[in-house]
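*Asks:* So that you have it, the file is entry.tsv, and it contains TSV, C-alpha atoms:
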```tsv
chain	number	residue	atom	x	y	z
O	228	MET	CA	83.51	132.08	149.58
O	229	ALA	CA	83.49	135.39	147.76
O	230	THR	CA	85.49	138.57	148.23
O	231	THR	CA	84.70	142.24	147.83
O	232	GLN	CA	86.03	141.98	144.26
O	233	ASP	CA	82.90	139.94	143.40
O	234	PHE	CA	80.46	142.67	144.51
O	235	ARG	CA	77.90	143.86	141.97
O	236	ASN	CA	74.35	145.18	142.28
O	237	GLY	CA	72.06	142.31	143.28
O	238	PHE	CA	74.93	140.22	144.72
O	239	GLY	CA	73.69	138.06	147.60
O	240	LEU	CA	75.70	137.42	150.76
O	241	ARG	CA	75.11	135.88	154.18
O	242	MET	CA	76.10	138.12	157.06
O	243	ASP	CA	75.13	137.94	160.75
O	244	GLY	CA	72.90	134.94	160.01
O	245	ALA	CA	70.77	136.83	157.45
O	246	VAL	CA	70.75	137.11	153.67
O	247	TRP	CA	71.56	140.57	152.25
O	248	PHE	CA	71.57	142.00	148.72
O	249	VAL	CA	74.09	144.60	147.59
O	250	VAL	CA	72.05	147.63	146.52
O	251	GLU	CA	75.07	149.74	145.64
O	252	PHE	CA	78.81	149.63	146.22
O	253	GLN	CA	81.88	151.78	145.72
O	254	HIS	CA	85.55	150.79	145.77
O	255	VAL	CA	87.54	153.48	147.61
O	256	LYS	CA	91.33	153.76	147.52
O	257	PRO	CA	92.40	156.58	149.79
O	258	GLY	CA	95.83	158.15	149.37
O	259	LYS	CA	96.84	156.78	152.75
O	260	GLY	CA	95.95	153.39	154.20
O	261	GLY	CA	94.34	150.34	152.66
O	262	ALA	CA	91.57	150.25	150.09
O	263	PHE	CA	88.01	149.46	151.17
O	264	VAL	CA	84.55	148.93	149.73
O	265	ARG	CA	81.62	151.08	150.89
O	266	THR	CA	78.28	149.30	150.40
O	267	LYS	CA	74.58	149.75	150.89
O	268	LEU	CA	72.95	146.40	151.77
O	269	LYS	CA	69.28	145.40	151.93
O	270	ASN	CA	68.08	142.66	154.27
O	271	VAL	CA	66.00	140.18	152.28
O	272	LYS	CA	63.58	139.28	155.10
O	273	THR	CA	62.99	142.66	156.77
O	274	GLY	CA	63.72	145.07	153.92
O	275	ALA	CA	66.00	147.11	156.20
O	276	VAL	CA	68.81	148.98	154.45
O	277	GLN	CA	72.21	149.21	156.09
O	278	GLU	CA	75.46	150.89	155.07
O	279	ARG	CA	78.56	148.81	155.72
O	280	THR	CA	82.25	149.13	154.93
O	281	PHE	CA	84.42	146.11	154.08
O	282	LYS	CA	88.20	145.90	153.78
O	283	SER	CA	89.28	145.30	150.20
O	284	GLY	CA	89.62	141.56	149.60
O	285	GLU	CA	87.61	140.60	152.71
O	286	ALA	CA	85.94	137.19	152.35
O	287	MET	CA	82.28	136.42	153.02
O	288	GLU	CA	79.76	133.72	152.21
O	289	GLU	CA	78.07	134.20	148.85
O	290	VAL	CA	74.42	133.25	148.48
O	291	ARG	CA	73.33	132.13	145.02
O	292	VAL	CA	70.61	134.47	143.78
O	293	GLU	CA	68.31	133.43	140.94
O	294	ARG	CA	65.33	135.18	139.35
O	295	ARG	CA	62.58	133.06	137.79
O	296	ALA	CA	59.58	134.20	135.78
O	297	MET	CA	56.49	132.85	137.53
O	298	GLN	CA	52.77	133.37	137.21
O	299	TYR	CA	50.79	134.52	140.25
O	300	ILE	CA	47.81	132.16	140.59
O	301	TYR	CA	45.99	132.88	143.86
O	302	ARG	CA	46.31	133.64	147.57
O	303	GLU	CA	45.89	130.83	150.10
O	304	GLY	CA	45.81	132.02	153.72
O	305	ASP	CA	49.09	133.79	154.47
O	306	HIS	CA	50.82	132.33	151.39
O	307	TYR	CA	50.73	133.24	147.72
O	308	VAL	CA	50.78	130.49	145.09
O	309	PHE	CA	52.97	130.95	142.01
O	310	MET	CA	53.50	128.67	139.02
O	311	ASP	CA	56.82	128.33	137.20
O	312	THR	CA	56.10	129.25	133.56
O	313	GLU	CA	58.60	126.69	132.24
O	314	THR	CA	58.08	123.60	134.46
O	315	TYR	CA	54.48	124.32	135.61
O	316	GLU	CA	55.59	123.56	139.18
O	317	GLN	CA	53.59	125.42	141.84
O	318	ILE	CA	55.24	126.94	144.91
O	319	HIS	CA	53.89	128.66	148.02
O	320	VAL	CA	55.59	131.96	148.85
O	321	ALA	CA	55.34	133.46	152.33
O	322	GLU	CA	53.56	136.77	152.78
O	323	GLU	CA	56.81	138.53	153.85
O	324	ALA	CA	58.29	138.03	150.37
O	325	VAL	CA	55.29	139.69	148.71
O	326	ARG	CA	54.56	142.42	151.28
O	327	ASP	CA	55.70	145.40	149.17
O	328	VAL	CA	53.85	144.49	145.97
O	329	ALA	CA	50.88	142.35	147.05
O	330	ASP	CA	48.31	145.08	146.46
O	331	LEU	CA	49.56	145.68	142.89
O	332	MET	CA	49.44	142.01	141.78
O	333	LYS	CA	46.49	140.55	139.95
O	334	GLU	CA	45.87	136.88	139.26
O	335	ASN	CA	47.52	135.29	136.19
O	336	GLU	CA	50.14	138.07	136.03
O	337	THR	CA	53.75	137.09	135.33
O	338	VAL	CA	56.27	138.34	137.91
O	339	ASN	CA	59.87	137.59	138.88
O	340	VAL	CA	60.39	135.54	142.03
O	341	VAL	CA	63.88	135.97	143.49
O	342	PHE	CA	65.36	132.86	145.08
O	343	ALA	CA	68.29	133.02	147.51
O	344	ALA	CA	69.74	129.61	148.37
O	345	ASP	CA	66.72	127.94	146.68
O	346	GLU	CA	64.26	129.76	148.96
O	347	PRO	CA	61.83	132.35	147.53
O	348	VAL	CA	62.64	135.65	149.22
O	349	ILE	CA	61.27	138.53	147.12
O	350	VAL	CA	58.65	139.01	144.43
O	351	GLU	CA	59.43	141.68	141.84
O	352	LEU	CA	56.79	143.18	139.55
O	353	PRO	CA	57.51	144.63	136.11
O	354	PHE	CA	58.26	148.37	136.22
O	355	HIS	CA	54.75	149.20	134.95
O	356	VAL	CA	51.41	147.44	135.47
O	357	GLU	CA	47.99	148.12	133.97
O	358	LEU	CA	45.06	147.95	136.37
O	359	LYS	CA	41.38	148.88	136.12
O	360	VAL	CA	39.93	151.55	138.44
O	361	VAL	CA	37.07	150.03	140.47
O	362	GLU	CA	36.29	152.87	142.89
O	363	THR	CA	36.89	156.63	142.84
O	364	ASP	CA	34.99	159.89	143.18
O	365	PRO	CA	33.27	160.97	139.97
O	366	GLY	CA	35.03	163.45	137.71
O	367	VAL	CA	33.50	166.89	137.27
O	368	ARG	CA	33.31	168.78	133.99
O	369	GLY	CA	36.29	171.10	133.74
O	370	ASP	CA	38.72	168.86	135.64
O	371	THR	CA	42.03	169.01	133.80
O	372	ALA	CA	45.17	166.96	133.61
O	373	THR	CA	47.17	169.68	135.35
O	374	GLY	CA	44.79	169.94	138.28
O	375	GLY	CA	44.83	168.05	141.55
O	376	THR	CA	44.61	164.36	142.32
O	377	LYS	CA	42.15	162.06	144.04
O	378	PRO	CA	42.46	158.55	145.50
O	379	ALA	CA	41.32	155.63	143.35
O	380	ARG	CA	41.06	151.93	144.26
O	381	VAL	CA	42.26	149.60	141.50
O	382	GLU	CA	41.22	145.99	140.85
O	383	SER	CA	44.14	144.55	142.84
O	384	GLY	CA	43.16	146.53	145.96
O	385	ALA	CA	45.81	149.29	145.93
O	386	ILE	CA	44.86	152.92	146.40
O	387	ILE	CA	46.65	155.19	143.92
O	388	GLN	CA	46.52	158.97	143.53
O	389	VAL	CA	45.13	159.74	140.06
O	390	PRO	CA	44.20	162.94	138.17
O	391	LEU	CA	40.69	164.28	138.70
O	392	PHE	CA	39.48	163.26	135.21
O	393	ILE	CA	39.95	159.49	135.81
O	394	SER	CA	36.67	157.62	136.34
O	395	VAL	CA	35.53	154.12	137.35
O	396	GLY	CA	36.11	151.47	134.68
O	397	GLU	CA	39.17	153.08	133.09
O	398	THR	CA	42.45	151.19	132.89
O	399	ILE	CA	45.51	153.06	134.13
O	400	GLN	CA	49.23	152.41	134.01
O	401	ILE	CA	51.09	152.49	137.35
O	402	ASP	CA	54.83	152.67	138.05
O	403	THR	CA	55.43	149.83	140.57
O	404	ARG	CA	58.64	151.39	141.93
O	405	THR	CA	57.05	154.71	142.94
O	406	ARG	CA	53.39	153.58	143.07
O	407	GLN	CA	52.38	156.59	140.97
O	408	TYR	CA	49.90	157.01	138.14
O	409	LEU	CA	51.58	157.20	134.71
O	410	SER	CA	48.82	157.33	132.10
O	411	ARG	CA	45.49	156.03	130.87
O	412	VAL	CA	45.56	152.92	128.71
```
Take the structure I supplied and represent it as structure tokens, if you would.

*Replies:*
Amino acid sequence: MATTQDFRNGFGLRMDGAVWFVVEFQHVKPGKGGAFVRTKLKNVKTGAVQERTFKSGEAMEEVRVERRAMQYIYREGDHYVFMDTETYEQIHVAEEAVRDVADLMKENETVNVVFAADEPVIVELPFHVELKVVETDPGVRGDTATGGTKPARVESGAIIQVPLFISVGETIQIDTRTRQYLSRV
């Protein structure tokens, strides 16, 4: 069992039969009354974010959270197959764990798989990925970097808004947190 004193960003806890991660927390000690901890929690399965207040020192069940570097190999039905880069063990990860980043992953890319209670729950990409543009409208002479944007499909299947001067075959860098174009590579 853990208490509110153990809270930190990324801390895993079991509450209402589900696993939650602490996204942010704040210890509050009002001038009157007991201290409490205000938290923002993210449900691992659904991705729902909830704000919750705990009494200071309140006990709850801690869930061991571990991040492992794994290589994405291929998709098989509604599962994704990853290989542990240290033990070469292959695991199948359910589609729900990959839902937010599936269209930015390409085969043989190394990602972090987050395990909660020895079960893979989330796949995290590096902050930036480099992907090749496979489909977009052609650029026109005079298009500048400060102009508008156009949609472009990258090799992993995602559609990203890119500047007008980007053309098919170019490799671009994408911020995986905001899904925005950063630069040409």

*Asks:* What lies within 9 Å of Trp247 (chain O) using all atoms listed in the file, ignoring chain neighbours under 4 positions off, as a list in words?

*Replies:* Phe238, Gly239, Leu240, Arg241, Met242, Leu268, Lys269, Asn270, Val271, Lys272 and Val290 of chain O

*Asks:* Just write the chosen residues, C-alpha atoms, as a PDB file, in the coordinates of the input.

*Replies:*
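Result file again_11.pdb:
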```pdb
ATOM      1  CA  PHE O 238      74.930 140.220 144.720  1.00  0.00           C
ATOM      2  CA  GLY O 239      73.690 138.060 147.600  1.00  0.00           C
ATOM      3  CA  LEU O 240      75.700 137.420 150.760  1.00  0.00           C
ATOM      4  CA  ARG O 241      75.110 135.880 154.180  1.00  0.00           C
ATOM      5  CA  MET O 242      76.100 138.120 157.060  1.00  0.00           C
ATOM      6  CA  LEU O 268      72.950 146.400 151.770  1.00  0.00           C
ATOM      7  CA  LYS O 269      69.280 145.400 151.930  1.00  0.00           C
ATOM      8  CA  ASN O 270      68.080 142.660 154.270  1.00  0.00           C
ATOM      9  CA  VAL O 271      66.000 140.180 152.280  1.00  0.00           C
ATOM     10  CA  LYS O 272      63.580 139.280 155.100  1.00  0.00           C
ATOM     11  CA  VAL O 290      74.420 133.250 148.480  1.00  0.00           C
TER      12      VAL O 290
END
```

*Asks:* Measure the distance from CA of Phe252 (chain O) to CA of Val328 (chain O) in Å and round it to one decimal.

*Replies:*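 Here the two named atoms are 25.5 Å from each other.
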
*Asks:* If you measure from CA of Val381 (chain O) to CA of Glu351 (chain O), what distance in Å do you get, rounded to one decimal?

*Replies:*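 Result for CA of Val381 (chain O) versus CA of Glu351 (chain O): 18.9 Å, one decimal.
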
*Asks:* My list of candidates is O:Thr273, O:Thr266, O:Gln298, O:Thr337. Which is closest to Glu323 (chain O) when distances are computed with only C-alpha atoms?

*Replies:*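 When distances to Glu323 (chain O) are compared using only C-alpha atoms, the smallest one comes from O:Thr273.
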
*Asks:* For the point (51.3, 154.2, 143.7) in the file's frame, write as a VMD selection string all residues with an atom no more than 9 Å away, counting all atoms listed in the file.

*Replies:* chain O and resid 331 385 to 388 401 to 408

*Asks:* Box for region 322-330 of chain O: with edges along x, y and z, all listed atoms inside and 4 Å added on each side, what are the centre and edge lengths in Å to one decimal, as JSON?

*Replies:*
```
{"center_x": 53.3, "center_y": 141.1, "center_z": 149.9, "size_x": 18.0, "size_y": 16.6, "size_z": 15.9}
```

*Asks:* Would you mind telling me which residue in O:Gln317, O:Asn339, O:Thr376, O:Ser410 lies nearest to Lys359 (chain O) when using all atoms listed in the file?

*Replies:*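 Nearest candidate to Lys359 (chain O) out of O:Gln317, O:Asn339, O:Thr376, O:Ser410: O:Ser410.
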
*Asks:* Which distance in Å separates CA of Glu382 (chain O) and CA of Val360 (chain O), to one decimal?

*Replies:*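 According to the coordinates, CA of Glu382 (chain O) and CA of Val360 (chain O) are separated by 6.2 Å.
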
*Asks:* Residues near Arg295 (chain O), anyone? I mean within 9 Å using all atoms listed in the file, not counting same-chain ones fewer than 4 positions away, as a list in words.

*Replies:* Asp311, Thr312, Val338, Asn339, Val340, Val341 and Phe342 of chain O
